[in-house]
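> Mind having a look at this structure? Questions to follow.
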Amino acid sequence: MLGMTYHEYVKSTCSICGVSTSTVGSELNHSDKWWHQLTVSTLVCQACHDAIHWLPKPQLIDMGELDNDQLKEAFSLSVQTASTYGGVLRQAMLNFKHHDDIASLPMLIHAIRQLPRPSGCHAGNAIILPMPTTAKRIGNRGFDPVTILSRYLSKHWRLPLWHGVSRVDDGISQQGLGRQERRDNIKGAFALTNPLPDKPYRHIILFDDVVTTGSTLKELAFSLINSTQFPYNTFHLSAYAILGGKRP
Ligand SMILES: [Zn+2]
């Protein structure tokens, strides 16, 4: 978090084009400027922000494909992404995930800040479930990108994180696999390790960094529905990701 404070309030340059963002709003009077600083992200300048297509139409994942008659009509999982998987944001995501490039993080945080908090959700009735990963992957990479990014989403939405599901498989990465291969690769990959909190958390929000075919989110949703102590129709599942729509 300290890195972002430095970037926004000391460095104050656009994380995409590098122009100074501290001059944005310089024509405003003192009280307006104070409000401007509170409400406008200075991680990305207005021109770069406007060049990105934000909030594409949500992707619907048909849960009926999981061959469970009870669920077939009940669920299609809605996945909202901040933007599509392309351009500078795609490059930022690749640099952050695969090259430990911390300089790409401000762009991704700016993208997270475009995601509107799901309607009806507040800290008393909603939890965010970040996509779990394996210890082996964390060991290989040295960090877990989703864990880091989900903290910013939690701060942005003021909703708590919940880590009650573990990834138990040793599956290979989904990257580069076809639709059917992805589905087979992810089957049985998750297990509930903690019961859902007893509080009436009616909204469970799944979160991943990138969504492509949606098969990983679908399997996570399915393992939650099958394992939780609550009937599936007593809570609402939705999913959010930073980028999606095109295959990496
Ligand atoms: Zn810019």
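Order determines the names: the first chain of the structure tokens is A, the second B, and so forth; residues in each chain are numbered 1 upward, and ligands are numbered 1 upward as they are shown.
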Run DSSP on the backbone and tell me which residues of region 6-238 of chain A come out as alpha helix (DSSP H); list them as number ranges by chain.
A: 6, 30-39, 46-50, 69-72, 87-99, 105-112, 135-141, 145-157, 179-186, 215-227
> Hey, which residues sit close to ligand 1? Say within 12 Å, counting only C-alpha atoms and all ligand atoms, and write them as a ChimeraX atom specification.
/A:12-22,24,41-52,88,106-107,110
> How would the residues just chosen look if you wrote them out with C-alpha atoms as a PDB file, in the first residue's frame?

ATOM      1  CA  SER A  12       2.205  11.978  -9.313  1.00  0.00           C
ATOM      2  CA  THR A  13       2.868  10.848 -12.845  1.00  0.00           C
ATOM      3  CA  CYS A  14       0.615   8.800 -15.118  1.00  0.00           C
ATOM      4  CA  SER A  15       1.661   5.163 -14.848  1.00  0.00           C
ATOM      5  CA  ILE A  16       0.994   4.666 -18.577  1.00  0.00           C
ATOM      6  CA  CYS A  17       2.410   7.700 -20.422  1.00  0.00           C
ATOM      7  CA  GLY A  18       4.485   9.268 -17.652  1.00  0.00           C
ATOM      8  CA  VAL A  19       3.038  12.805 -17.825  1.00  0.00           C
ATOM      9  CA  SER A  20       2.567  14.623 -14.553  1.00  0.00           C
ATOM     10  CA  THR A  21      -0.853  14.180 -13.047  1.00  0.00           C
ATOM     11  CA  SER A  22      -0.204  16.687 -10.258  1.00  0.00           C
ATOM     12  CA  VAL A  24      -4.612  17.953 -13.145  1.00  0.00           C
ATOM     13  CA  SER A  41      -7.241   8.517  -9.072  1.00  0.00           C
ATOM     14  CA  THR A  42      -3.975  10.103 -10.075  1.00  0.00           C
ATOM     15  CA  LEU A  43      -2.412   6.806 -11.126  1.00  0.00           C
ATOM     16  CA  VAL A  44      -3.457   7.296 -14.742  1.00  0.00           C
ATOM     17  CA  CYS A  45      -3.961  10.607 -16.595  1.00  0.00           C
ATOM     18  CA  GLN A  46      -7.332  11.481 -18.090  1.00  0.00           C
ATOM     19  CA  ALA A  47      -6.194  10.959 -21.709  1.00  0.00           C
ATOM     20  CA  CYS A  48      -4.845   7.456 -21.014  1.00  0.00           C
ATOM     21  CA  HIS A  49      -7.932   6.635 -18.964  1.00  0.00           C
ATOM     22  CA  ASP A  50     -10.225   7.718 -21.808  1.00  0.00           C
ATOM     23  CA  ALA A  51      -8.309   5.585 -24.340  1.00  0.00           C
ATOM     24  CA  ILE A  52      -9.206   2.358 -22.493  1.00  0.00           C
ATOM     25  CA  VAL A  88      -1.446  -1.605 -22.065  1.00  0.00           C
ATOM     26  CA  PRO A 106      -0.450   1.192 -10.417  1.00  0.00           C
ATOM     27  CA  MET A 107      -2.121   0.530 -13.799  1.00  0.00           C
ATOM     28  CA  HIS A 110      -6.394   1.971 -11.479  1.00  0.00           C
TER      29      HIS A 110
END
> Please provide as a list in words all residues within 9 Å of Pro160 (chain A), with the sequence filter that same-chain residues fewer than 3 positions apart are discarded (counting only C-alpha atoms).
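With the cut-off at 9 Å, the set is Ala123, Gly124, Ala126, Ile127, Ile128, Leu129, Ser154, Lys155 and Trp157 of chain A.
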> Please write the residues from the selection above to a file, keeping N, CA and C atoms, as an mmCIF file, in the first residue's frame.

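Full text of out28.cif as output:
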data_model
loop_
_atom_site.group_PDB
_atom_site.id
_atom_site.type_symbol
_atom_site.label_atom_id
_atom_site.label_comp_id
_atom_site.auth_asym_id
_atom_site.auth_seq_id
_atom_site.Cartn_x
_atom_site.Cartn_y
_atom_site.Cartn_z
ATOM 1 N N ALA A 123 -20.214 -4.381 4.045
ATOM 2 C CA ALA A 123 -19.304 -5.217 4.837
ATOM 3 C C ALA A 123 -20.036 -6.220 5.725
ATOM 4 N N GLY A 124 -21.321 -6.009 5.936
ATOM 5 C CA GLY A 124 -22.068 -6.917 6.798
ATOM 6 C C GLY A 124 -22.746 -8.065 6.065
ATOM 7 N N ALA A 126 -21.481 -9.218 2.629
ATOM 8 C CA ALA A 126 -20.765 -9.664 1.426
ATOM 9 C C ALA A 126 -19.304 -9.982 1.744
ATOM 10 N N ILE A 127 -18.786 -10.988 1.076
ATOM 11 C CA ILE A 127 -17.367 -11.309 1.213
ATOM 12 C C ILE A 127 -16.771 -11.529 -0.176
ATOM 13 N N ILE A 128 -15.492 -11.241 -0.279
ATOM 14 C CA ILE A 128 -14.766 -11.459 -1.535
ATOM 15 C C ILE A 128 -13.930 -12.729 -1.374
ATOM 16 N N LEU A 129 -14.083 -13.643 -2.301
ATOM 17 C CA LEU A 129 -13.277 -14.876 -2.300
ATOM 18 C C LEU A 129 -12.264 -14.784 -3.445
ATOM 19 N N SER A 154 -10.529 -5.149 -2.034
ATOM 20 C CA SER A 154 -11.159 -5.124 -0.720
ATOM 21 C C SER A 154 -11.175 -3.690 -0.157
ATOM 22 N N LYS A 155 -10.064 -2.995 -0.348
ATOM 23 C CA LYS A 155 -9.963 -1.612 0.124
ATOM 24 C C LYS A 155 -10.907 -0.714 -0.685
ATOM 25 N N TRP A 157 -13.663 -1.498 -2.373
ATOM 26 C CA TRP A 157 -15.091 -1.773 -2.115
ATOM 27 C C TRP A 157 -15.450 -1.709 -0.632
#
> Applying 9 Å and only C-alpha atoms, which residues near Thr147 (chain A) remain after dropping the ones on its own chain fewer than 4 positions away? List them as JSON, numbers by chain.
{"A": [130, 131, 132, 143, 151]}
> Which neighbours of region 74-80 of chain A fall inside 10 Å, counting only C-alpha atoms, when residues of the same chain fewer than 4 positions from it are skipped, and could you give them as a PyMOL selection string?
chain A and resi 55-65+69-70+115-116+118+205-208+211+214+217-218+221+232-233+236-244
> With N, CA and C atoms retained, write the just-selected residues as a compact mmCIF listing (two decimals), in the first residue's frame.

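The resulting again.txt:
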# COMPACT_ATOMS: atom_id res chain seq x y z
N LEU A 55 -15.25 -1.49 -18.38
CA LEU A 55 -16.48 -2.19 -18.04
C LEU A 55 -17.23 -2.75 -19.25
N PRO A 56 -16.61 -3.72 -19.94
CA PRO A 56 -17.34 -4.38 -21.02
C PRO A 56 -18.56 -5.14 -20.46
N LYS A 57 -19.44 -5.51 -21.36
CA LYS A 57 -20.64 -6.24 -20.95
C LYS A 57 -20.25 -7.49 -20.16
N PRO A 58 -20.93 -7.79 -19.04
CA PRO A 58 -20.56 -8.98 -18.26
C PRO A 58 -20.66 -10.26 -19.07
N GLN A 59 -19.73 -11.16 -18.78
CA GLN A 59 -19.73 -12.49 -19.42
C GLN A 59 -20.60 -13.41 -18.56
N LEU A 60 -21.46 -14.20 -19.19
CA LEU A 60 -22.30 -15.11 -18.43
C LEU A 60 -21.78 -16.54 -18.58
N ILE A 61 -21.50 -17.18 -17.46
CA ILE A 61 -21.01 -18.56 -17.49
C ILE A 61 -22.18 -19.48 -17.14
N ASP A 62 -22.49 -20.35 -18.05
CA ASP A 62 -23.61 -21.26 -17.86
C ASP A 62 -23.22 -22.38 -16.90
N MET A 63 -23.75 -22.36 -15.71
CA MET A 63 -23.43 -23.38 -14.72
C MET A 63 -24.10 -24.72 -15.05
N GLY A 64 -25.06 -24.71 -15.91
CA GLY A 64 -25.75 -25.93 -16.28
C GLY A 64 -24.84 -26.94 -16.95
N GLU A 65 -23.77 -26.48 -17.52
CA GLU A 65 -22.83 -27.39 -18.20
C GLU A 65 -22.17 -28.36 -17.23
N ASP A 69 -28.57 -31.29 -12.50
CA ASP A 69 -29.92 -30.89 -12.89
C ASP A 69 -30.49 -29.82 -11.98
N GLN A 70 -30.13 -29.93 -10.68
CA GLN A 70 -30.68 -29.00 -9.72
C GLN A 70 -30.22 -27.57 -10.01
N LEU A 115 -14.01 -0.85 -11.10
CA LEU A 115 -15.06 -1.84 -10.83
C LEU A 115 -16.04 -1.28 -9.79
N PRO A 116 -17.31 -1.14 -10.18
CA PRO A 116 -18.28 -0.63 -9.20
C PRO A 116 -18.61 -1.69 -8.16
N PRO A 118 -20.59 -4.20 -6.18
CA PRO A 118 -21.86 -4.85 -6.53
C PRO A 118 -23.02 -4.27 -5.72
N ILE A 205 -18.53 -12.97 -3.60
CA ILE A 205 -17.99 -12.39 -4.83
C ILE A 205 -16.66 -13.05 -5.14
N LEU A 206 -16.63 -13.81 -6.21
CA LEU A 206 -15.40 -14.48 -6.62
C LEU A 206 -14.54 -13.46 -7.39
N PHE A 207 -13.24 -13.53 -7.17
CA PHE A 207 -12.37 -12.56 -7.82
C PHE A 207 -11.13 -13.24 -8.40
N ASP A 208 -10.85 -12.92 -9.66
CA ASP A 208 -9.62 -13.43 -10.29
C ASP A 208 -8.97 -12.28 -11.05
N VAL A 211 -9.90 -13.44 -16.57
CA VAL A 211 -10.84 -14.51 -16.90
C VAL A 211 -10.82 -14.70 -18.42
N GLY A 214 -13.55 -18.84 -18.43
CA GLY A 214 -14.36 -18.86 -17.21
C GLY A 214 -14.40 -20.21 -16.54
N LEU A 217 -13.24 -20.10 -12.76
CA LEU A 217 -14.25 -19.48 -11.90
C LEU A 217 -15.45 -20.40 -11.71
N LYS A 218 -15.79 -21.08 -12.79
CA LYS A 218 -16.94 -21.98 -12.75
C LYS A 218 -16.68 -23.14 -11.78
N ALA A 221 -16.86 -21.81 -8.24
CA ALA A 221 -18.26 -21.62 -7.86
C ALA A 221 -18.92 -22.95 -7.55
N TYR A 232 -27.74 -23.79 -1.76
CA TYR A 232 -27.21 -22.92 -2.80
C TYR A 232 -28.10 -21.72 -3.09
N ASN A 233 -29.40 -21.84 -2.80
CA ASN A 233 -30.29 -20.73 -3.14
C ASN A 233 -30.43 -19.71 -2.01
N HIS A 236 -25.98 -15.39 -2.96
CA HIS A 236 -25.84 -14.93 -4.33
C HIS A 236 -24.37 -14.94 -4.73
N LEU A 237 -24.10 -15.61 -5.82
CA LEU A 237 -22.72 -15.70 -6.31
C LEU A 237 -22.54 -14.78 -7.52
N SER A 238 -21.46 -14.03 -7.52
CA SER A 238 -21.10 -13.27 -8.71
C SER A 238 -19.58 -13.29 -8.83
N ALA A 239 -19.08 -12.88 -9.96
CA ALA A 239 -17.63 -12.93 -10.16
C ALA A 239 -17.12 -11.66 -10.82
N TYR A 240 -15.94 -11.28 -10.43
CA TYR A 240 -15.28 -10.09 -10.99
C TYR A 240 -13.83 -10.44 -11.32
N ALA A 241 -13.33 -9.80 -12.36
CA ALA A 241 -11.91 -9.97 -12.70
C ALA A 241 -11.42 -8.62 -13.23
N ILE A 242 -10.11 -8.46 -13.27
CA ILE A 242 -9.60 -7.19 -13.77
C ILE A 242 -9.69 -7.15 -15.30
N LEU A 243 -9.24 -8.24 -15.93
CA LEU A 243 -9.23 -8.27 -17.38
C LEU A 243 -9.87 -9.55 -17.89
N GLY A 244 -10.48 -9.48 -19.06
CA GLY A 244 -11.08 -10.68 -19.61
C GLY A 244 -11.57 -10.49 -21.03
> Pick out the closest residue to Gly164 (chain A) from this set: A:Phe190, A:Phe222, A:Phe235, A:Trp54. Count only C-alpha atoms.
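Smallest distance to Gly164 (chain A) is found for A:Phe190.
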> To one decimal place, how far is CA of Leu89 (chain A) from CA of Arg113 (chain A) in Å?
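Value for the CA of Leu89 (chain A)-CA of Arg113 (chain A) distance: 13.5 Å.
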> When distances are computed from only C-alpha atoms, which of A:Arg167, A:Thr213, A:Leu220, A:Thr133 shows the smallest separation from Gln180 (chain A)?
A:Thr213
> Report as a PyMOL selection string all protein, DNA and RNA residues lying within 10 Å of Asn95 (chain A), evaluated on only C-alpha atoms, omitting residues in the same chain fewer than 6 positions from it.
chain A and resi 89+101-105
> Go ahead and save the residues from that selection, with N, CA and C atoms, as a PDB file, in the first residue's frame.

ATOM      1  N   LEU A  89      -3.048  -2.654 -20.562  1.00  0.00           N
ATOM      2  CA  LEU A  89      -3.409  -3.372 -19.336  1.00  0.00           C
ATOM      3  C   LEU A  89      -2.981  -4.833 -19.411  1.00  0.00           C
ATOM      4  N   ASP A 101       7.184  -7.196 -12.150  1.00  0.00           N
ATOM      5  CA  ASP A 101       7.370  -5.775 -12.425  1.00  0.00           C
ATOM      6  C   ASP A 101       6.409  -4.946 -11.578  1.00  0.00           C
ATOM      7  N   ILE A 102       6.919  -4.424 -10.465  1.00  0.00           N
ATOM      8  CA  ILE A 102       6.080  -3.689  -9.524  1.00  0.00           C
ATOM      9  C   ILE A 102       5.608  -2.364 -10.142  1.00  0.00           C
ATOM     10  N   ALA A 103       6.325  -1.873 -11.145  1.00  0.00           N
ATOM     11  CA  ALA A 103       5.939  -0.610 -11.796  1.00  0.00           C
ATOM     12  C   ALA A 103       4.613  -0.756 -12.549  1.00  0.00           C
ATOM     13  N   SER A 104       4.206  -1.999 -12.818  1.00  0.00           N
ATOM     14  CA  SER A 104       2.938  -2.227 -13.532  1.00  0.00           C
ATOM     15  C   SER A 104       1.746  -2.208 -12.585  1.00  0.00           C
ATOM     16  N   LEU A 105       2.024  -2.301 -11.306  1.00  0.00           N
ATOM     17  CA  LEU A 105       0.934  -2.401 -10.329  1.00  0.00           C
ATOM     18  C   LEU A 105      -0.019  -1.194 -10.332  1.00  0.00           C
TER      19      LEU A 105
END
> In Å, rounded to a single decimal, give me how far CA of Val168 (chain A) is from CA of Leu153 (chain A).
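Separating CA of Leu153 (chain A) from CA of Val168 (chain A) is a distance of 24.6 Å.
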> If you run DSSP on this backbone, which residues of chain A come out as strand (DSSP E or B), and could you give them as JSON, numbers by chain?
{"A": [13, 20, 54, 59, 60, 61, 62, 76, 77, 78, 79, 80, 81, 82, 83, 84, 126, 127, 128, 129, 130, 161, 165, 166, 167, 190, 191, 192, 203, 204, 205, 206, 207, 208, 209, 210, 211, 236, 237, 238, 239, 240, 241, 242, 243, 244]}
> Near Ser227 (chain A), within 10 Å and counting only C-alpha atoms, which residues show up once chain neighbours fewer than 4 positions away are dropped, as a PyMOL selection string?
chain A and resi 165+191-193+195-196+222-223+231-232
> Have a look at A:Ser166, A:Ser215, A:His203, A:Val210 and name the one nearest to Arg182 (chain A); count only C-alpha atoms.
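Among the listed residues, A:Ser215 lies closest to Arg182 (chain A).
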> How many Å lie between CA of Arg117 (chain A) and CA of Leu161 (chain A), rounded to one decimal?
13.9 Å
